[in-house]
$ cat run-v9.txt   # compact mmCIF, C-alpha atoms
# COMPACT_ATOMS: atom_id res chain seq x y z
CA MET A 1 72.39 -9.48 114.06
CA ASP A 2 71.72 -11.83 111.12
CA ILE A 3 74.22 -14.05 109.34
CA GLN A 4 74.73 -11.56 106.48
CA GLN A 5 75.71 -8.80 108.92
CA ILE A 6 78.08 -11.16 110.76
CA ILE A 7 79.82 -12.12 107.51
CA THR A 8 79.92 -8.47 106.40
CA TYR A 9 81.63 -7.25 109.56
CA PHE A 10 83.93 -10.25 109.61
CA GLY A 11 84.93 -9.23 106.08
CA ALA A 12 85.53 -5.65 107.28
CA PHE A 13 87.71 -6.94 110.12
CA LEU A 14 89.63 -9.20 107.70
CA ILE A 15 90.25 -6.27 105.34
CA GLY A 16 91.68 -4.25 108.22
CA ALA A 17 93.76 -7.18 109.47
CA ILE A 18 95.35 -7.63 106.04
CA LEU A 19 96.15 -3.91 105.93
CA GLY A 20 97.73 -4.15 109.36
CA LEU A 21 99.71 -7.29 108.54
CA ILE A 22 101.17 -6.40 105.14
CA GLY A 23 100.74 -2.62 104.98
CA GLY A 24 98.41 -2.58 101.99
CA GLY A 25 96.22 -4.58 99.67
CA GLY A 26 93.32 -5.32 102.00
CA SER A 27 91.26 -2.34 100.90
CA ILE A 28 91.07 -3.73 97.39
CA LEU A 29 88.64 -6.34 98.74
CA THR A 30 86.18 -3.72 99.99
CA VAL A 31 84.51 -3.08 96.63
CA PRO A 32 83.96 -6.77 95.73
CA LEU A 33 82.53 -7.39 99.22
CA LEU A 34 80.08 -4.51 98.90
CA VAL A 35 79.09 -5.27 95.30
CA TYR A 36 78.84 -9.07 95.21
CA PHE A 37 77.88 -9.89 98.78
CA LEU A 38 75.81 -6.86 99.80
CA SER A 39 74.55 -5.99 96.28
CA PHE A 40 75.61 -2.34 96.38
CA ASN A 41 75.75 -0.41 93.12
CA PRO A 42 79.45 -0.17 92.01
CA VAL A 43 79.35 3.63 92.21
CA ILE A 44 78.11 3.53 95.83
CA ALA A 45 80.56 0.70 96.64
CA THR A 46 83.57 2.65 95.34
CA ALA A 47 82.41 5.72 97.30
CA TYR A 48 82.09 3.75 100.54
CA SER A 49 85.45 2.13 99.86
CA LEU A 50 87.10 5.56 99.65
CA PHE A 51 85.83 6.44 103.13
CA VAL A 52 86.89 3.08 104.60
CA VAL A 53 90.33 3.36 102.97
CA GLY A 54 90.78 6.98 104.04
CA SER A 55 89.83 6.49 107.68
CA SER A 56 91.88 3.29 107.93
CA SER A 57 94.93 4.98 106.40
CA LEU A 58 94.80 7.72 109.04
CA VAL A 59 95.27 5.04 111.69
CA GLY A 60 98.10 3.58 109.62
CA VAL A 61 99.84 6.97 109.44
CA ILE A 62 99.86 7.18 113.24
CA GLN A 63 101.31 3.67 113.54
CA LYS A 64 104.04 4.32 110.95
CA HIS A 65 104.87 7.79 112.33
CA LYS A 66 105.64 6.27 115.74
CA LYS A 67 108.24 4.12 113.97
CA GLY A 68 109.72 7.11 112.10
CA LEU A 69 108.58 5.80 108.72
CA VAL A 70 106.58 8.79 107.45
CA ASP A 71 107.96 11.67 105.35
CA PHE A 72 105.16 14.23 105.78
CA LYS A 73 106.70 16.84 103.45
CA THR A 74 107.02 14.43 100.53
CA GLY A 75 103.59 12.95 101.21
CA LEU A 76 101.86 16.32 101.21
CA ILE A 77 103.72 17.51 98.10
CA PHE A 78 102.79 14.35 96.20
CA SER A 79 99.19 14.33 97.42
CA PHE A 80 98.39 17.82 96.08
CA PRO A 81 97.94 16.95 92.36
CA SER A 82 96.60 13.54 93.27
CA PHE A 83 93.74 14.66 95.54
CA ILE A 84 92.64 17.24 92.96
CA ALA A 85 92.32 14.44 90.40
CA VAL A 86 90.51 12.14 92.86
CA TYR A 87 87.99 14.83 93.81
CA PHE A 88 87.15 15.84 90.26
CA SER A 89 86.95 12.25 89.06
CA ARG A 90 84.43 11.41 91.82
CA ARG A 91 82.54 14.71 91.61
CA PHE A 92 82.33 15.05 87.82
CA LEU A 93 83.89 12.16 85.84
CA VAL A 94 82.08 9.20 87.45
CA PRO A 95 78.61 10.90 87.37
CA ALA A 96 79.22 11.85 83.72
CA ILE A 97 79.74 8.25 82.56
CA PRO A 98 76.57 7.07 80.74
CA GLU A 99 74.59 4.28 82.42
CA THR A 100 74.88 2.22 79.20
CA LEU A 101 78.11 2.59 77.25
CA PHE A 102 77.16 0.39 74.30
CA THR A 103 74.94 -2.50 73.30
CA PHE A 104 75.68 -5.49 71.10
CA GLY A 105 72.57 -7.49 70.31
CA ASP A 106 71.08 -8.48 73.66
CA PHE A 107 74.27 -7.57 75.51
CA SER A 108 74.53 -4.15 77.21
CA PHE A 109 77.86 -2.90 78.55
CA THR A 110 76.84 -0.75 81.51
CA LYS A 111 78.59 1.84 83.66
CA GLY A 112 78.66 -0.58 86.59
CA MET A 113 80.27 -3.29 84.45
CA ALA A 114 82.89 -0.86 83.16
CA ILE A 115 83.82 0.23 86.70
CA MET A 116 84.09 -3.35 87.95
CA ILE A 117 86.14 -4.58 84.97
CA PHE A 118 88.50 -1.61 85.26
CA PHE A 119 88.70 -2.38 88.97
CA ALA A 120 89.56 -6.01 88.17
CA VAL A 121 92.37 -4.89 85.84
CA ILE A 122 93.81 -2.74 88.65
CA MET A 123 93.44 -5.72 91.01
CA PHE A 124 95.42 -7.83 88.54
CA LEU A 125 98.23 -5.26 88.46
CA SER A 126 98.15 -5.02 92.24
CA ALA A 127 98.37 -8.81 92.53
CA PHE A 128 101.34 -8.87 90.16
CA SER A 129 103.16 -6.24 92.24
CA MET A 130 102.59 -8.32 95.40
CA ILE A 131 103.62 -11.62 93.84
CA LYS A 132 106.81 -10.57 92.12
CA SER A 133 109.97 -10.29 94.18
CA LYS A 134 111.26 -6.79 94.78
CA LYS A 135 114.84 -6.15 93.76
CA ASN A 136 116.90 -3.19 94.86
CA ALA A 137 114.02 -2.15 97.12
CA THR A 138 116.33 -0.23 99.44
CA GLU A 139 118.32 1.49 96.69
CA GLU A 140 118.02 5.25 97.05
CA ARG A 141 117.22 7.33 93.99
CA LYS A 142 117.37 11.06 93.35
CA PRO A 143 114.00 12.87 93.38
CA GLN A 144 112.74 13.85 89.94
CA ALA A 145 111.50 17.25 88.73
CA TYR A 146 108.22 18.26 90.39
CA PHE A 147 106.30 18.80 87.16
CA LYS A 148 106.74 15.09 86.41
CA THR A 149 105.49 14.19 89.89
CA PHE A 150 102.53 16.53 89.35
CA LEU A 151 101.47 14.78 86.12
CA GLN A 152 102.02 11.32 87.60
CA GLY A 153 100.02 12.29 90.69
CA ILE A 154 97.10 13.39 88.52
CA PHE A 155 97.13 10.07 86.63
CA ILE A 156 97.22 7.97 89.80
CA GLY A 157 94.54 10.17 91.35
CA ILE A 158 92.17 9.56 88.44
CA VAL A 159 92.71 5.79 88.71
CA THR A 160 92.14 5.91 92.48
CA GLY A 161 88.97 7.96 92.02
CA LEU A 162 87.52 5.55 89.49
CA ILE A 163 88.12 2.33 91.41
CA GLY A 164 87.65 3.56 94.99
CA ALA A 165 90.73 1.75 96.30
CA GLY A 166 93.68 3.22 98.12
CA GLY A 167 96.19 2.80 95.31
CA GLY A 168 99.06 1.96 97.63
CA PHE A 169 100.51 -0.43 95.05
CA LEU A 170 100.81 2.59 92.73
CA TYR A 171 101.95 5.17 95.26
CA VAL A 172 104.67 3.10 96.91
CA PRO A 173 106.66 2.47 93.68
CA ALA A 174 106.06 6.11 92.71
CA LEU A 175 107.58 7.35 95.98
CA VAL A 176 110.56 5.01 95.59
CA LEU A 177 111.21 5.72 91.90
CA TRP A 178 110.14 9.37 91.68
CA ALA A 179 110.67 10.82 95.18
CA GLY A 180 113.80 8.87 96.13
CA LEU A 181 112.43 7.31 99.35
CA ASP A 182 113.51 3.91 100.63
CA MET A 183 110.85 1.19 100.53
CA LYS A 184 109.84 1.22 104.22
CA LYS A 185 109.47 5.00 104.34
CA ALA A 186 107.60 4.94 101.02
CA VAL A 187 105.02 2.55 102.49
CA GLY A 188 104.45 4.81 105.50
CA THR A 189 104.40 8.00 103.43
CA SER A 190 101.94 6.53 100.93
CA LEU A 191 99.37 6.30 103.73
CA ILE A 192 99.27 10.13 103.99
CA ILE A 193 98.49 10.39 100.28
CA ILE A 194 95.93 7.58 100.44
CA ALA A 195 94.16 9.13 103.45
CA ILE A 196 93.98 12.63 101.93
CA ASN A 197 92.99 11.43 98.45
CA SER A 198 90.37 8.96 99.65
CA LEU A 199 88.61 11.31 102.05
CA ILE A 200 88.64 14.24 99.62
CA GLY A 201 87.40 11.94 96.86
CA PHE A 202 84.62 10.80 99.18
CA ALA A 203 83.75 14.47 99.78
CA GLY A 204 82.97 14.67 96.07
CA ASP A 205 80.63 11.68 96.42
CA VAL A 206 78.78 13.15 99.39
CA GLN A 207 77.56 15.94 97.12
CA VAL A 208 75.95 13.60 94.60
CA LEU A 209 75.13 10.39 96.52
CA SER A 210 72.93 9.40 99.45
CA ILE A 211 75.16 7.93 102.17
CA ASP A 212 74.10 5.35 104.77
CA TRP A 213 76.26 6.79 107.54
CA LYS A 214 75.30 4.23 110.18
CA PHE A 215 76.47 1.32 108.04
CA LEU A 216 79.54 3.14 106.72
CA LEU A 217 80.81 4.27 110.13
CA THR A 218 80.25 0.82 111.67
CA PHE A 219 82.01 -0.91 108.76
CA SER A 220 84.94 1.53 108.99
CA PHE A 221 85.19 1.10 112.78
CA VAL A 222 85.43 -2.69 112.44
CA THR A 223 88.06 -2.30 109.70
CA ILE A 224 90.15 -0.06 111.97
CA LEU A 225 89.92 -2.67 114.75
CA GLY A 226 91.26 -5.18 112.22
CA ILE A 227 94.18 -2.88 111.42
CA LEU A 228 95.14 -2.61 115.08
CA VAL A 229 95.01 -6.38 115.55
CA GLY A 230 96.85 -7.03 112.27
CA GLY A 231 99.50 -4.47 113.17
CA TYR A 232 100.13 -6.26 116.46
CA PHE A 233 100.47 -9.71 114.88
CA SER A 234 102.63 -8.39 112.02
CA LYS A 235 105.59 -8.70 114.43
CA PHE A 236 105.18 -12.47 114.45
CA ILE A 237 104.29 -13.21 110.81
CA SER A 238 106.45 -12.94 107.68
CA SER A 239 104.84 -10.11 105.73
CA ARG A 240 106.70 -11.07 102.53
CA LYS A 241 105.23 -14.60 102.42
CA LEU A 242 101.79 -13.36 103.44
CA LYS A 243 101.86 -10.63 100.81
CA LYS A 244 102.73 -13.09 98.04
CA SER A 245 99.96 -15.49 99.11
CA PHE A 246 97.47 -12.64 99.27
CA GLY A 247 98.64 -11.55 95.82
CA TRP A 248 97.61 -14.89 94.35
CA PHE A 249 94.21 -14.54 96.02
CA VAL A 250 93.72 -11.05 94.57
CA LEU A 251 94.77 -12.37 91.15
CA ALA A 252 92.09 -15.08 91.33
CA MET A 253 89.52 -12.48 92.45
CA SER A 254 90.33 -10.23 89.50
CA VAL A 255 89.71 -13.08 87.06
CA TYR A 256 86.47 -13.95 88.86
CA ILE A 257 85.19 -10.36 88.64
CA ILE A 258 85.84 -10.13 84.90
CA PHE A 259 84.15 -13.48 84.33
CA LYS A 260 81.16 -12.56 86.47
CA GLU A 261 80.65 -9.16 84.84
CA LEU A 262 80.88 -10.48 81.28
CA THR A 263 78.55 -13.42 81.90
CA LYS A 264 75.68 -11.50 83.55

$ encode --input "run-v9.txt" --output "structure tokens"
Amino acid sequence: MDIQQIITYFGAFLIGAILGLIGGGGSILTVPLLVYFLSFNPVIATAYSLFVVGSSSLVGVIQKHKKGLVDFKTGLIFSFPSFIAVYFSRRFLVPAIPETLFTFGDFSFTKGMAIMIFFAVIMFLSAFSMIKSKKNATEERKPQAYFKTFLQGIFIGIVTGLIGAGGGFLYVPALVLWAGLDMKKAVGTSLIIIAINSLIGFAGDVQVLSIDWKFLLTFSFVTILGILVGGYFSKFISSRKLKKSFGWFVLAMSVYIIFKELTK
């Protein structure tokens, strides 16, 4: 095993450990790792990320269910419009984006650049949600009308499909504000939605992309090991402080990605 492979799998383990420690956020590092360190095309990287996120979230569902923090009914209801949007965005929307969106002199704004910059914007929003303090997090709210949840699920599903990340930072507030769940149960329930959406979205990619299964399964396995280790140590570490620190790191990464893409 060469040094690049060692660093790659260490990164996969770290992504899983972060997921296990703070319940989200780690998967958002998968795409930058695949694109900037392993030189994967952004479309392939977002596809692989969906599989890693989906398989890792399944493990997370089991962990949270044992603690009674998963509302399966709400998760399945919310995931229905969302996974439809994820599948169609990966199967039809992403392949339909032109390879070159526009040119300005010698500068060409490509499909890969657009995906990474959009990804960086989502990273920025994710970082902001991790950094800011949550107020009234345990306040219960009445569930809203389902047609509103349906439309919101479609919107979040499209975003998730485009960036190849789990979208937990979008689903958790949605479940609190729109489904009336308390914060802890919303985190656990969001993993059902993330797992279903990510794996179904990846199913759309399988039909149009060539997948390196050996690499993908090994990477996912190491990430899952990281989740198990992170979940164990989460009992001894303040997740709030860790989440805020990680938020600042993600914020810096989002700025770096935008800078790197626009200065190619």

$ closest_residue --input "run-v9.txt" --among "A:Ala12, A:Val222, A:Ile18, A:Val86" --to "A:Ile194" --atoms "only C-alpha atoms"
A:Val86

$ closest_residue --input "run-v9.txt" --among "A:Phe202, A:Ile77, A:Ala45, A:Leu33" --to "A:Ile115" --atoms "all atoms listed in the file"
A:Ala45

$ closest_residue --input "run-v9.txt" --among "A:Asp71, A:Asp2, A:Asp212, A:Asp106" --to "A:Phe51" --atoms "all atoms listed in the file"
A:Asp212

$ residues_around --input "run-v9.txt" --residues "A:Gln63" --least-positions-apart "4" --cutoff "12 Å" --atoms "all atoms listed in the file" --output "ChimeraX atom specification"
/A:19-20,23,56-59,67-70,187-189,191-192,224,227-228,230-232

$ atom_distance --input "run-v9.txt" --atom1 "atom CA of A:Gly112" --atom2 "atom CA of A:Glu99"
7.6 Å

$ atom_distance --input "run-v9.txt" --atom1 "atom CA of A:Ala179" --atom2 "atom CA of A:Leu50"
24.6 Å

$ residues_near_point --input "run-v9.txt" --point "(93.8, 10.7, 99.5)" --cutoff "8 Å" --atoms "only C-alpha atoms" --output "list in words"
Gly54, Ser79, Ser82, Phe83, Val86, Gly166, Ile192, Ile193, Ile194, Ala195, Ile196, Asn197, Ser198, Leu199, Ile200 and Gly201 of chain A

$ atom_distance --input "run-v9.txt" --atom1 "atom CA of A:Gly226" --atom2 "atom CA of A:Tyr48"
17.3 Å

$ closest_residue --input "run-v9.txt" --among "A:Thr30, A:Phe246, A:Lys132, A:Ile122" --to "A:Phe13" --atoms "all atoms listed in the file"
A:Thr30

$ residues_around --input "run-v9.txt" --residues "A:Val52" --least-positions-apart "4" --cutoff "8 Å" --atoms "all atoms listed in the file" --output "PDB file with C-alpha atoms, in the coordinates of the input"
ATOM      1  CA  SER A  27      91.260  -2.340 100.900  1.00  0.00           C
ATOM      2  CA  TYR A  48      82.090   3.750 100.540  1.00  0.00           C
ATOM      3  CA  SER A  56      91.880   3.290 107.930  1.00  0.00           C
ATOM      4  CA  LEU A 216      79.540   3.140 106.720  1.00  0.00           C
ATOM      5  CA  PHE A 219      82.010  -0.910 108.760  1.00  0.00           C
ATOM      6  CA  SER A 220      84.940   1.530 108.990  1.00  0.00           C
ATOM      7  CA  THR A 223      88.060  -2.300 109.700  1.00  0.00           C
TER       8      THR A 223
END

$ closest_residue --input "run-v9.txt" --among "A:Gln207, A:Thr100, A:Gly16, A:Thr160" --to "A:Leu29" --atoms "only C-alpha atoms"
A:Gly16

$ residues_around --input "run-v9.txt" --residues "A:Phe107" --least-positions-apart "5" --cutoff "10 Å" --atoms "only C-alpha atoms" --output "VMD selection string"
chain A and resid 102 262 to 264
